[in-house]
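Student: I'd like to ask you about the structure that follows.
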Amino acid sequence: MIKKKLISTAGLTLIEILIGVVVSTIMMAAIYTTYTVVNTTYGQVLEKAKVSRSSRDLIELLIRDIRMAGFRYYFGQNSEGIPKESYLEFVGGADTLKKSHDPIIIISSQLGHSISDTVPTPPTKHNSEDTCCDKIHIVYDDFNKRDTNQPYKRYKLTYYAKPEDDGKNENNAPINPRYAIYKSKISWEQSINSQTGKWISNCPECYHEELIRDYVEDMEFVPLDANGKVLKPYPSPATEQSRNNLYKVRAIDIRVAFKSEKPFFRFESKQGKERKLSGFSRGIRSFSDRNLRDNVVVTVHTRNIAAEGNY
(Lines give C-alpha, C1' and ligand atoms only; values in the text may rest on other atoms or scores of the structure.)
Protein backbone atom coordinates (compact mmCIF):
# COMPACT_ATOMS: atom_id res chain seq x y z
CA MET A 1 0.00 0.00 0.00
CA ILE A 2 2.82 2.44 0.83
CA LYS A 3 4.67 1.62 -2.37
CA LYS A 4 1.61 2.25 -4.56
CA LYS A 5 0.92 5.57 -2.81
CA LEU A 6 4.47 6.78 -3.45
CA ILE A 7 4.26 5.88 -7.11
CA SER A 8 1.01 7.81 -7.58
CA THR A 9 2.43 11.00 -5.94
CA ALA A 10 3.11 13.70 -8.56
CA GLY A 11 5.90 16.41 -8.24
CA LEU A 12 7.42 19.40 -10.07
CA THR A 13 10.06 18.96 -12.69
CA LEU A 14 13.19 21.12 -12.81
CA ILE A 15 11.85 22.95 -15.87
CA GLU A 16 8.62 23.83 -14.06
CA ILE A 17 10.59 25.16 -11.09
CA LEU A 18 12.78 27.29 -13.37
CA ILE A 19 9.71 28.68 -15.13
CA GLY A 20 8.20 29.56 -11.76
CA VAL A 21 11.40 31.32 -10.70
CA VAL A 22 11.52 33.31 -13.95
CA VAL A 23 7.88 34.35 -13.68
CA SER A 24 8.36 35.36 -10.03
CA THR A 25 11.45 37.38 -10.93
CA ILE A 26 9.59 39.22 -13.67
CA MET A 27 6.72 39.99 -11.29
CA MET A 28 9.10 41.22 -8.57
CA ALA A 29 10.94 43.40 -11.09
CA ALA A 30 7.65 44.91 -12.25
CA ILE A 31 6.54 45.54 -8.65
CA TYR A 32 9.92 47.13 -7.79
CA THR A 33 9.80 49.35 -10.87
CA THR A 34 6.29 50.46 -10.02
CA TYR A 35 7.30 51.12 -6.42
CA THR A 36 10.32 53.16 -7.54
CA VAL A 37 8.22 55.28 -9.89
CA VAL A 38 5.51 55.84 -7.29
CA ASN A 39 8.05 56.62 -4.56
CA THR A 40 9.90 59.09 -6.80
CA THR A 41 6.66 60.78 -7.80
CA TYR A 42 5.52 60.93 -4.18
CA GLY A 43 8.86 62.48 -3.18
CA GLN A 44 8.50 65.10 -5.90
CA VAL A 45 4.96 65.90 -4.78
CA LEU A 46 6.17 66.31 -1.18
CA GLU A 47 9.06 68.53 -2.29
CA LYS A 48 6.77 70.69 -4.41
CA ALA A 49 4.28 70.92 -1.54
CA LYS A 50 7.10 71.99 0.79
CA VAL A 51 8.14 74.75 -1.63
CA SER A 52 4.50 75.86 -1.94
CA ARG A 53 4.03 75.85 1.85
CA SER A 54 7.20 77.90 2.36
CA SER A 55 6.07 80.48 -0.17
CA ARG A 56 2.58 80.70 1.34
CA ASP A 57 3.82 81.15 4.91
CA LEU A 58 6.35 83.86 4.04
CA ILE A 59 3.96 85.74 1.77
CA GLU A 60 1.26 85.77 4.47
CA LEU A 61 3.71 87.31 6.95
CA LEU A 62 4.81 89.95 4.46
CA ILE A 63 1.23 90.82 3.47
CA ARG A 64 0.16 91.26 7.09
CA ASP A 65 3.11 93.47 8.02
CA ILE A 66 3.08 95.61 4.86
CA ARG A 67 -0.62 96.31 5.38
CA MET A 68 0.25 97.55 8.88
CA ALA A 69 2.89 99.99 7.57
CA GLY A 70 1.99 103.54 8.62
CA PHE A 71 -0.76 102.49 11.03
CA ARG A 72 -1.38 104.81 13.99
CA TYR A 73 -3.61 103.99 16.94
CA TYR A 74 -6.34 106.41 18.06
CA PHE A 75 -7.63 105.75 21.60
CA GLY A 76 -10.08 108.65 21.73
CA GLN A 77 -11.53 110.61 24.64
CA ASN A 78 -11.15 108.77 27.96
CA SER A 79 -11.07 109.31 31.73
CA GLU A 80 -7.88 107.29 32.31
CA GLY A 81 -5.36 110.04 31.67
CA ILE A 82 -4.22 108.53 28.38
CA PRO A 83 -3.78 110.90 25.41
CA LYS A 84 -6.59 110.41 22.91
CA GLU A 85 -4.03 110.02 20.09
CA SER A 86 -0.39 109.09 19.78
CA TYR A 87 2.08 111.45 21.42
CA LEU A 88 5.13 109.59 20.03
CA GLU A 89 7.72 111.69 18.24
CA PHE A 90 7.66 111.12 14.49
CA VAL A 91 10.67 111.70 12.24
CA GLY A 92 9.57 111.62 8.61
CA GLY A 93 11.78 112.07 5.56
CA ALA A 94 14.98 111.71 7.59
CA ASP A 95 18.30 111.52 5.75
CA THR A 96 19.43 108.36 7.57
CA LEU A 97 17.82 104.99 8.16
CA LYS A 98 18.64 105.15 11.86
CA LYS A 99 16.55 108.30 12.38
CA SER A 100 13.69 107.40 10.06
CA HIS A 101 10.15 106.59 11.20
CA ASP A 102 8.85 106.41 7.62
CA PRO A 103 6.32 103.59 7.03
CA ILE A 104 8.17 101.70 4.27
CA ILE A 105 11.79 101.81 3.16
CA ILE A 106 13.09 99.49 0.43
CA ILE A 107 16.77 98.87 -0.20
CA SER A 108 17.41 96.99 -3.42
CA SER A 109 19.83 94.03 -3.71
CA GLN A 110 21.38 94.27 -0.26
CA LEU A 111 22.01 91.39 2.11
CA GLY A 112 22.29 91.40 5.90
CA HIS A 113 21.12 93.80 8.59
CA SER A 114 22.54 95.22 11.82
CA ILE A 115 20.45 95.79 14.91
CA SER A 116 21.60 99.43 15.12
CA ASP A 117 19.88 100.13 11.79
CA THR A 118 23.13 101.21 10.18
CA VAL A 119 24.01 99.66 6.85
CA PRO A 120 26.84 97.12 7.25
CA THR A 121 29.11 95.83 4.51
CA PRO A 122 26.88 93.36 2.62
CA PRO A 123 27.89 89.70 2.97
CA THR A 124 29.56 88.09 -0.01
CA LYS A 125 27.08 86.85 -2.58
CA HIS A 126 27.27 83.42 -4.16
CA ASN A 127 28.49 84.86 -7.46
CA SER A 128 29.18 88.23 -9.05
CA GLU A 129 25.99 88.13 -11.15
CA ASP A 130 23.71 87.44 -8.19
CA THR A 131 21.34 90.29 -7.31
CA CYS A 132 19.51 88.71 -4.36
CA CYS A 133 17.88 90.11 -2.30
CA ASP A 134 15.90 93.25 -1.42
CA LYS A 135 15.50 94.46 2.14
CA ILE A 136 12.35 96.13 3.50
CA HIS A 137 11.81 98.17 6.69
CA ILE A 138 8.24 98.52 7.98
CA VAL A 139 7.14 100.95 10.72
CA TYR A 140 3.73 100.89 12.41
CA ASP A 141 2.15 101.88 15.74
CA ASP A 142 0.31 99.81 18.33
CA PHE A 143 -1.31 100.32 21.71
CA ASN A 144 -1.12 98.66 25.13
CA LYS A 145 -3.49 100.14 27.69
CA ARG A 146 -1.89 98.16 30.53
CA ASP A 147 1.48 99.87 30.01
CA THR A 148 0.85 103.10 31.92
CA ASN A 149 4.40 104.35 31.28
CA GLN A 150 4.10 104.08 27.49
CA PRO A 151 0.65 103.05 26.23
CA TYR A 152 1.37 103.98 22.59
CA LYS A 153 3.90 101.74 20.86
CA ARG A 154 5.91 101.93 17.66
CA TYR A 155 7.77 99.07 15.99
CA LYS A 156 10.17 98.76 13.10
CA LEU A 157 10.30 95.40 11.31
CA THR A 158 13.04 94.44 8.88
CA TYR A 159 12.94 91.54 6.42
CA TYR A 160 16.31 90.69 4.88
CA ALA A 161 18.29 87.79 3.44
CA LYS A 162 21.59 86.12 4.24
CA PRO A 163 23.53 83.61 2.10
CA GLU A 164 23.46 79.96 3.20
CA ASP A 165 25.00 76.70 1.97
CA ASP A 166 25.76 73.14 3.09
CA GLY A 167 29.52 73.58 3.19
CA LYS A 168 32.21 73.63 0.50
CA ASN A 169 33.24 71.03 -2.08
CA GLU A 170 36.78 70.12 -3.13
CA ASN A 171 36.88 73.21 -5.37
CA ASN A 172 35.88 75.46 -2.44
CA ALA A 173 32.54 76.16 -4.14
CA PRO A 174 29.38 76.27 -1.98
CA ILE A 175 27.27 73.11 -1.85
CA ASN A 176 23.56 73.74 -2.41
CA PRO A 177 23.86 77.57 -2.31
CA ARG A 178 20.70 79.50 -1.46
CA TYR A 179 19.44 82.30 0.78
CA ALA A 180 17.50 82.39 4.03
CA ILE A 181 15.04 85.12 5.02
CA TYR A 182 15.39 86.65 8.48
CA LYS A 183 13.33 89.15 10.43
CA SER A 184 14.24 91.71 13.10
CA LYS A 185 12.04 93.87 15.30
CA ILE A 186 12.93 96.95 17.36
CA SER A 187 10.76 99.34 19.38
CA TRP A 188 10.53 103.11 19.91
CA GLU A 189 10.94 103.99 23.59
CA GLN A 190 9.23 107.21 24.73
CA SER A 191 7.37 107.54 28.01
CA ILE A 192 4.06 109.34 28.22
CA ASN A 193 5.68 112.47 29.71
CA SER A 194 8.65 112.65 27.34
CA GLN A 195 9.01 114.85 24.26
CA THR A 196 11.45 112.57 22.47
CA GLY A 197 12.61 108.96 22.48
CA LYS A 198 14.93 106.42 20.88
CA TRP A 199 14.90 103.07 19.11
CA ILE A 200 15.70 100.11 21.38
CA SER A 201 16.30 96.43 20.65
CA ASN A 202 15.84 94.92 24.13
CA CYS A 203 12.08 95.27 24.56
CA PRO A 204 10.06 92.13 25.44
CA GLU A 205 8.64 92.04 21.90
CA CYS A 206 11.97 92.67 20.17
CA TYR A 207 14.12 90.09 18.40
CA HIS A 208 16.97 89.92 15.90
CA GLU A 209 17.92 87.47 13.14
CA GLU A 210 14.77 85.40 13.56
CA LEU A 211 14.86 82.79 10.79
CA ILE A 212 11.63 82.95 8.76
CA ARG A 213 12.32 80.74 5.73
CA ASP A 214 15.30 78.90 4.28
CA TYR A 215 15.89 77.81 0.66
CA VAL A 216 15.04 81.10 -1.00
CA GLU A 217 16.36 81.98 -4.44
CA ASP A 218 15.41 85.66 -4.57
CA MET A 219 13.20 88.26 -2.86
CA GLU A 220 12.13 91.54 -4.44
CA PHE A 221 9.88 94.42 -3.37
CA VAL A 222 8.60 96.77 -6.07
CA PRO A 223 6.84 99.97 -4.84
CA LEU A 224 3.91 101.27 -6.90
CA ASP A 225 2.26 104.69 -6.88
CA ALA A 226 -1.46 105.54 -7.07
CA ASN A 227 -1.42 104.93 -10.84
CA GLY A 228 0.23 101.54 -10.55
CA LYS A 229 3.57 102.79 -11.85
CA VAL A 230 6.88 101.71 -10.33
CA LEU A 231 8.39 104.34 -8.05
CA LYS A 232 11.98 105.05 -8.99
CA PRO A 233 14.15 105.49 -7.10
CA TYR A 234 12.78 103.20 -4.42
CA PRO A 235 11.58 104.99 -1.23
CA SER A 236 14.52 105.36 1.15
CA PRO A 237 16.51 108.06 3.01
CA ALA A 238 19.42 107.70 0.56
CA THR A 239 18.79 110.79 -1.62
CA GLU A 240 16.40 113.71 -1.81
CA GLN A 241 14.63 112.13 -4.77
CA SER A 242 14.15 108.79 -2.99
CA ARG A 243 12.88 110.60 0.12
CA ASN A 244 10.26 112.31 -2.03
CA ASN A 245 8.85 108.86 -2.86
CA LEU A 246 8.43 107.74 0.76
CA TYR A 247 4.78 108.75 0.94
CA LYS A 248 3.80 108.03 -2.64
CA VAL A 249 3.74 104.27 -2.07
CA ARG A 250 0.23 102.86 -2.55
CA ALA A 251 1.06 99.21 -3.19
CA ILE A 252 3.99 96.79 -3.08
CA ASP A 253 4.65 93.97 -5.50
CA ILE A 254 6.14 91.10 -3.47
CA ARG A 255 8.13 88.69 -5.62
CA VAL A 256 9.75 85.71 -3.92
CA ALA A 257 11.36 82.66 -5.52
CA PHE A 258 11.92 79.43 -3.58
CA LYS A 259 14.28 76.53 -4.16
CA SER A 260 13.65 72.88 -3.32
CA GLU A 261 15.67 71.50 -0.45
CA LYS A 262 16.51 68.29 -2.34
CA PRO A 263 17.09 67.53 -6.05
CA PHE A 264 13.74 67.44 -7.83
CA PHE A 265 14.56 66.54 -11.43
CA ARG A 266 16.31 63.31 -12.39
CA PHE A 267 18.98 64.96 -14.51
CA GLU A 268 20.68 68.31 -14.85
CA SER A 269 19.52 70.33 -17.83
CA LYS A 270 21.69 70.40 -20.93
CA GLN A 271 23.43 73.48 -22.22
CA GLY A 272 20.98 75.65 -24.12
CA LYS A 273 18.01 74.00 -22.39
CA GLU A 274 18.44 75.44 -18.90
CA ARG A 275 15.41 75.88 -16.67
CA LYS A 276 14.21 79.49 -16.48
CA LEU A 277 13.12 81.62 -13.54
CA SER A 278 11.16 84.74 -14.46
CA GLY A 279 8.79 87.19 -12.78
CA PHE A 280 11.50 89.54 -11.49
CA SER A 281 12.40 93.01 -12.71
CA ARG A 282 16.05 92.00 -12.62
CA GLY A 283 15.52 89.73 -15.62
CA ILE A 284 15.21 86.02 -16.40
CA ARG A 285 17.71 83.69 -14.76
CA SER A 286 18.79 80.26 -15.98
CA PHE A 287 19.69 77.17 -13.92
CA SER A 288 21.08 73.78 -14.95
CA ASP A 289 21.02 71.95 -11.59
CA ARG A 290 18.37 69.43 -10.50
CA ASN A 291 16.55 71.65 -7.99
CA LEU A 292 12.99 72.87 -8.47
CA ARG A 293 12.38 76.63 -8.36
CA ASP A 294 9.04 78.33 -8.12
CA ASN A 295 8.11 81.96 -7.59
CA VAL A 296 5.16 83.86 -6.16
CA VAL A 297 4.09 87.39 -7.15
CA VAL A 298 1.54 89.20 -4.96
CA THR A 299 0.42 92.85 -4.87
CA VAL A 300 -0.32 94.31 -1.43
CA HIS A 301 -2.02 97.66 -0.92
CA THR A 302 -0.47 99.94 1.70
CA ARG A 303 -3.76 101.16 3.11
CA ASN A 304 -2.28 103.14 6.04
CA ILE A 305 0.18 105.34 4.14
CA ALA A 306 -1.01 108.90 3.52
CA ALA A 307 0.75 112.13 2.61
CA GLU A 308 3.62 112.89 4.96
CA GLY A 309 1.87 115.83 6.58
CA ASN A 310 -1.21 113.71 7.32
CA TYR A 311 0.58 110.77 8.91
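Going through the C-alpha coordinates in order, the chains are called A, B, and so on, while each chain numbers its residues from 1 and the ligands are numbered from 1 in the order shown.
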Using only C-alpha atoms, determine which residues lie at most 12 Å from Gln271 of chain A, disregarding the query and same-chain residues fewer than 5 positions distant; provide the list as number ranges by chain.
Tutor: A: 286-289
Student: Check the DSSP output for the backbone and give back, as a PyMOL selection string, the residues of segment 7-202 of chain A in strand (DSSP E or B).
Tutor: chain A and resi 74+85+104-107+135-143+152-164+168+174+178-189+198-200
Student: List the neighbours of segment 99-103 of chain A out to 6 Å using only C-alpha atoms; skip same-chain residues closer than 2 positions along the sequence, and give me the result as a PDB file with N, CA, C and O atoms, in the first residue's frame.
Tutor:
ATOM      1  N   ALA A  69       1.957  98.875   7.715  1.00  0.00           N
ATOM      2  CA  ALA A  69       2.888  99.995   7.573  1.00  0.00           C
ATOM      3  C   ALA A  69       2.150 101.324   7.620  1.00  0.00           C
ATOM      4  O   ALA A  69       1.185 101.547   6.890  1.00  0.00           O
ATOM      5  N   GLY A  70       2.595 102.219   8.491  1.00  0.00           N
ATOM      6  CA  GLY A  70       1.989 103.539   8.616  1.00  0.00           C
ATOM      7  C   GLY A  70       0.793 103.601   9.548  1.00  0.00           C
ATOM      8  O   GLY A  70       0.222 104.684   9.738  1.00  0.00           O
ATOM      9  N   VAL A  91       9.629 111.114  13.097  1.00  0.00           N
ATOM     10  CA  VAL A  91      10.665 111.700  12.242  1.00  0.00           C
ATOM     11  C   VAL A  91      10.441 111.185  10.826  1.00  0.00           C
ATOM     12  O   VAL A  91      10.768 110.037  10.508  1.00  0.00           O
ATOM     13  N   GLY A  92       9.845 112.008   9.982  1.00  0.00           N
ATOM     14  CA  GLY A  92       9.565 111.618   8.611  1.00  0.00           C
ATOM     15  C   GLY A  92      10.522 112.272   7.638  1.00  0.00           C
ATOM     16  O   GLY A  92      10.943 113.417   7.822  1.00  0.00           O
ATOM     17  N   ALA A  94      13.632 111.548   7.058  1.00  0.00           N
ATOM     18  CA  ALA A  94      14.981 111.711   7.594  1.00  0.00           C
ATOM     19  C   ALA A  94      16.022 111.313   6.549  1.00  0.00           C
ATOM     20  O   ALA A  94      15.738 110.563   5.615  1.00  0.00           O
ATOM     21  N   THR A  96      18.764 109.611   7.211  1.00  0.00           N
ATOM     22  CA  THR A  96      19.432 108.357   7.571  1.00  0.00           C
ATOM     23  C   THR A  96      18.391 107.327   7.991  1.00  0.00           C
ATOM     24  O   THR A  96      17.324 107.678   8.515  1.00  0.00           O
ATOM     25  N   LEU A  97      18.717 106.081   7.788  1.00  0.00           N
ATOM     26  CA  LEU A  97      17.819 104.992   8.161  1.00  0.00           C
ATOM     27  C   LEU A  97      17.642 104.929   9.669  1.00  0.00           C
ATOM     28  O   LEU A  97      16.561 104.621  10.172  1.00  0.00           O
ATOM     29  N   ILE A 138       9.658  98.208   7.798  1.00  0.00           N
ATOM     30  CA  ILE A 138       8.239  98.519   7.976  1.00  0.00           C
ATOM     31  C   ILE A 138       8.030  99.108   9.371  1.00  0.00           C
ATOM     32  O   ILE A 138       8.437  98.503  10.368  1.00  0.00           O
ATOM     33  N   VAL A 139       7.403 100.286   9.441  1.00  0.00           N
ATOM     34  CA  VAL A 139       7.141 100.951  10.723  1.00  0.00           C
ATOM     35  C   VAL A 139       5.634 101.090  10.918  1.00  0.00           C
ATOM     36  O   VAL A 139       4.927 101.519  10.001  1.00  0.00           O
TER      37      VAL A 139
END
Student: Could you go through segment 161-256 of chain A and tell me which residues DSSP, when run on the backbone, assigns to alpha helix (DSSP H), listing them as a ChimeraX atom specification?
Tutor: /A:240-243
Student: When you look at Ala238 of chain A with a cut-off of 12 Å (counting only C-alpha atoms), what residues show up, excluding the ones that are within fewer than 3 positions of it in the same chain? I need them as a list in words.
Tutor: Gly93, Ala94, Asp95, Thr96, Leu97, Lys98, Ser100, Ile105, Ile106, Ile107, Ser108, Val119, Pro233, Tyr234, Pro235, Gln241, Ser242, Arg243, Asn244, Asn245 and Leu246 of chain A
Student: Restricting the output to N, CA and C atoms, write the selected residues as a PDB file, in the first residue's frame.
Tutor:
ATOM      1  N   GLY A  93      10.882 111.525   6.581  1.00  0.00           N
ATOM      2  CA  GLY A  93      11.778 112.067   5.565  1.00  0.00           C
ATOM      3  C   GLY A  93      13.186 112.303   6.052  1.00  0.00           C
ATOM      4  N   ALA A  94      13.632 111.548   7.058  1.00  0.00           N
ATOM      5  CA  ALA A  94      14.981 111.711   7.594  1.00  0.00           C
ATOM      6  C   ALA A  94      16.022 111.313   6.549  1.00  0.00           C
ATOM      7  N   ASP A  95      17.253 111.808   6.717  1.00  0.00           N
ATOM      8  CA  ASP A  95      18.301 111.516   5.746  1.00  0.00           C
ATOM      9  C   ASP A  95      19.111 110.281   6.108  1.00  0.00           C
ATOM     10  N   THR A  96      18.764 109.611   7.211  1.00  0.00           N
ATOM     11  CA  THR A  96      19.432 108.357   7.571  1.00  0.00           C
ATOM     12  C   THR A  96      18.391 107.327   7.991  1.00  0.00           C
ATOM     13  N   LEU A  97      18.717 106.081   7.788  1.00  0.00           N
ATOM     14  CA  LEU A  97      17.819 104.992   8.161  1.00  0.00           C
ATOM     15  C   LEU A  97      17.642 104.929   9.669  1.00  0.00           C
ATOM     16  N   LYS A  98      18.687 105.236  10.405  1.00  0.00           N
ATOM     17  CA  LYS A  98      18.636 105.149  11.865  1.00  0.00           C
ATOM     18  C   LYS A  98      17.613 106.118  12.458  1.00  0.00           C
ATOM     19  N   SER A 100      14.966 107.414  10.771  1.00  0.00           N
ATOM     20  CA  SER A 100      13.688 107.401  10.064  1.00  0.00           C
ATOM     21  C   SER A 100      12.585 106.650  10.799  1.00  0.00           C
ATOM     22  N   ILE A 105      10.523 101.506   3.823  1.00  0.00           N
ATOM     23  CA  ILE A 105      11.787 101.814   3.159  1.00  0.00           C
ATOM     24  C   ILE A 105      12.262 100.533   2.475  1.00  0.00           C
ATOM     25  N   ILE A 106      12.621 100.648   1.205  1.00  0.00           N
ATOM     26  CA  ILE A 106      13.086  99.487   0.433  1.00  0.00           C
ATOM     27  C   ILE A 106      14.512  99.741  -0.019  1.00  0.00           C
ATOM     28  N   ILE A 107      15.390  98.794   0.253  1.00  0.00           N
ATOM     29  CA  ILE A 107      16.771  98.866  -0.204  1.00  0.00           C
ATOM     30  C   ILE A 107      16.999  97.698  -1.151  1.00  0.00           C
ATOM     31  N   SER A 108      17.307  98.007  -2.378  1.00  0.00           N
ATOM     32  CA  SER A 108      17.406  96.988  -3.423  1.00  0.00           C
ATOM     33  C   SER A 108      18.738  96.238  -3.373  1.00  0.00           C
ATOM     34  N   VAL A 119      23.877 100.589   7.977  1.00  0.00           N
ATOM     35  CA  VAL A 119      24.015  99.663   6.849  1.00  0.00           C
ATOM     36  C   VAL A 119      25.413  99.050   6.877  1.00  0.00           C
ATOM     37  N   PRO A 233      13.530 106.560  -7.867  1.00  0.00           N
ATOM     38  CA  PRO A 233      14.155 105.487  -7.095  1.00  0.00           C
ATOM     39  C   PRO A 233      13.235 104.965  -6.004  1.00  0.00           C
ATOM     40  N   TYR A 234      13.581 103.784  -5.477  1.00  0.00           N
ATOM     41  CA  TYR A 234      12.775 103.197  -4.418  1.00  0.00           C
ATOM     42  C   TYR A 234      12.767 104.115  -3.183  1.00  0.00           C
ATOM     43  N   PRO A 235      11.664 104.116  -2.418  1.00  0.00           N
ATOM     44  CA  PRO A 235      11.575 104.989  -1.232  1.00  0.00           C
ATOM     45  C   PRO A 235      12.606 104.626  -0.174  1.00  0.00           C
ATOM     46  N   GLN A 241      15.640 112.665  -3.859  1.00  0.00           N
ATOM     47  CA  GLN A 241      14.631 112.133  -4.769  1.00  0.00           C
ATOM     48  C   GLN A 241      13.960 110.891  -4.203  1.00  0.00           C
ATOM     49  N   SER A 242      14.738 109.997  -3.578  1.00  0.00           N
ATOM     50  CA  SER A 242      14.153 108.787  -2.994  1.00  0.00           C
ATOM     51  C   SER A 242      13.308 109.122  -1.763  1.00  0.00           C
ATOM     52  N   ARG A 243      13.683 110.179  -1.029  1.00  0.00           N
ATOM     53  CA  ARG A 243      12.876 110.598   0.119  1.00  0.00           C
ATOM     54  C   ARG A 243      11.535 111.173  -0.330  1.00  0.00           C
ATOM     55  N   ASN A 244      11.511 111.775  -1.503  1.00  0.00           N
ATOM     56  CA  ASN A 244      10.259 112.314  -2.031  1.00  0.00           C
ATOM     57  C   ASN A 244       9.253 111.216  -2.367  1.00  0.00           C
ATOM     58  N   ASN A 245       9.731 109.988  -2.519  1.00  0.00           N
ATOM     59  CA  ASN A 245       8.847 108.864  -2.863  1.00  0.00           C
ATOM     60  C   ASN A 245       8.360 108.086  -1.647  1.00  0.00           C
ATOM     61  N   LEU A 246       8.775 108.497  -0.446  1.00  0.00           N
ATOM     62  CA  LEU A 246       8.433 107.738   0.758  1.00  0.00           C
ATOM     63  C   LEU A 246       6.932 107.667   1.002  1.00  0.00           C
TER      64      LEU A 246
END
Student: Provide the atom CA of Leu58 of chain A to atom CA of Phe71 of chain A distance in Å, to one decimal place.
Tutor: 21.1 Å
Student: At what distance in Å, to one decimal, does atom CA of Asn149 of chain A lie from atom CA of Ile192 of chain A?
Tutor: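 Going from atom CA of Ile192 of chain A over to atom CA of Asn149 of chain A, I get 5.9 Å.
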Student: Which of these residues is nearest to Gln150 of chain A, using only C-alpha atoms: A:Asn202, A:Ser86, A:Ser109, A:Ser184?
Tutor: A:Ser86
Student: Skipping near chain neighbours, those fewer than 2 positions away, what residues fall within 10 Å of Leu157 of chain A using only C-alpha atoms, listed as a ChimeraX atom specification?
Tutor: /A:65-66,69,104,136-140,155,159-160,183-187,206-208
Student: Near Arg303 of chain A, counting only C-alpha atoms, which residues have an atom at most 8 Å away, once you skip same-chain residues fewer than 5 positions from it, shown as a list in words?
Tutor: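 What passes the distance filter is Arg67, Met68 and Arg250 of chain A.
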Student: When you count only C-alpha atoms, which of these residues is closest to Val297 of chain A: A:Ser281, A:Thr131, A:Thr33, A:Thr148?
Tutor: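 Checking each of A:Ser281, A:Thr131, A:Thr33, A:Thr148 against Val297 of chain A, counting only C-alpha atoms, the winner is A:Ser281.
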Student: Separation of atom CA of Glu89 of chain A and atom CA of Asp142 of chain A, in Å?
Tutor: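 Those two atoms sit 14.0 Å apart.
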Student: Extract, using only C-alpha atoms, all DNA, RNA and protein residues at most 7 Å from segment 164-181 of chain A, discarding same-chain residues fewer than 2 positions from it, and format them as a list in words.
Tutor: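 Final neighbour list, sorted by chain and number: Tyr159, Tyr160, Ala161, Lys162, Lys183, Leu211, Ile212, Arg213, Asp214, Tyr215, Val216 and Glu217 of chain A.
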Student: Rank nothing, just name the residue among A:Met219, A:Lys229, A:Lys270, A:Arg154 nearest to Cys203 of chain A, using only C-alpha atoms.
Tutor: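 Smallest distance to Cys203 of chain A is found for A:Arg154.
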Student: For Ile254 of chain A, which residue out of A:Asn291, A:Ser79, A:Gln195, A:Ser55 is the nearest one, using only C-alpha atoms?
Tutor: A:Ser55
Student: Please determine, counting only C-alpha atoms, which residue among A:Val300, A:Ile26, A:Ile200, A:Ala257 has the shortest atom-to-atom distance to Val222 of chain A.
Tutor: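 The answer is A:Val300, which sits nearest to Val222 of chain A.
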